[in-house]
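Right, one structure below, let's go through it.
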Amino acid sequence: MTPSRPAAAAARTPQLKSVSLREQAREALRTRIVLGEIEPGQVESVINVATDLGVSVTPVREAVMDLANLGIVEVIRNRGFRVPVLTDHDLDEIFRLRTMLEAPAMSEVTELLDGRAIPEFRQLAEQITDAAREGDLTSFLDLDRQFHMGLLELLGNRRLVTMVSQLRDQARMRGLQKLADQGELTRSGEEHIEIVDAIESGDTELAAELMRKHLAHSRGIWAGRTEGDS
């Protein structure tokens with residue numbers, strides 16, 4: 001379906017469809033949280049969020065409970081919900097775990113594909129780079145998620161996919177627009193293309209190493225700084 005307006009604008013004031021409102025509300029909240037659009041530590045009203053999304057309170061309340069069960073938000077009785085404050089140590093833990101899981105997984109993916117082309121992932125990598133270059137943060141995040149989770153899904157390990165998905169949801173982005181303006185996100189997008197190149201070449205060690213370096217780079221990006229910043 002072709003959107004009627006740019007994705008970045010739609011993300012700011014999304015109007016949800018009448019089908020699967022709970023799931024749509026959950027994804028809208030998830031995106032806002034990861035992008036840092038909902039201030040960590042601040043209590044948010046379910047009523048206000050429902051009004052902003054253009055739906056009733058019930059699907060938003062259900063979505064909040066879903067996210068609370070995943071540890072993404074904390075429910076504040078009779079008040080709403082709160083996004084936990086994330087420290088640098090928390091981000092370190094998240095990306096160390098992701099590296100432990102995703103880097104060796106890329107070796108397995110490369111071995112499994114045995115040099116076969118993966119045009120769908122090359123297209124995703126190019127779209128990620130385009131979104132980064134254009135400063136379209138919502139599309140960047142969505143496409144990046146499709147790329148990483150899609151590669152892991154090739155292994156058929158449901159628990160691996162679930163664990164990495166939850167780790168991604170627990171992270172927050174800070175200062176992303178500034179890094180997009182500096183071109184730092186574009187470099188991150190290009191790293192996805194390099195990973196595809198390594199996988200298609202059948203080089204298991206290179207694929208794992210490129211994913212390791214990409215996640216180390218991403219650790220700084222999600223903290224809102226370049227690799228050279230302290």
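Chain labels A, B, ... are given in the sequence in which chains occur in the structure tokens; within each chain residues are numbered consecutively from 1, and ligands are likewise numbered from 1 in the order shown.
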Closest atom pairs, residues of stretch 57-113 of chain A within 10 Å of stretch 146-159 of chain A, only C-alpha atoms, as a tab-separated table:
```
residue	atom	partner	partner_atom	distance
A:Leu101	CA	A:Leu152	CA	9.6
A:Glu102	CA	A:Leu152	CA	7.7
A:Ala105	CA	A:Leu152	CA	7.0
A:Met106	CA	A:Leu151	CA	7.8
A:Glu108	CA	A:Leu155	CA	7.5
A:Val109	CA	A:Leu155	CA	6.5
A:Thr110	CA	A:Leu151	CA	9.8
A:Leu112	CA	A:Leu155	CA	7.9
A:Leu113	CA	A:Leu154	CA	9.1
```
> Tell me, which residues of stretch 100-201 of chain A carry DSSP alpha helix (DSSP H), written as a VMD selection string?
Replying inline: chain A and resid 100 to 113 119 to 134 137 to 153 158 to 170 176 to 182 184 to 201
> Smallest atom-to-atom distance to A:Arg32: which of A:Ala171, A:Leu185, A:Ala208, A:Val75, using only C-alpha atoms?
Replying inline: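 Once distances to A:Arg32 are computed over only C-alpha atoms, the minimum belongs to A:Ala171.
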>> When you look at A:Val164 with a cut-off of 8 Å (counting only C-alpha atoms), what residues show up, excluding the ones that are within fewer than 2 positions of it in the same chain? I need them as a count of residues only.
In response: 9
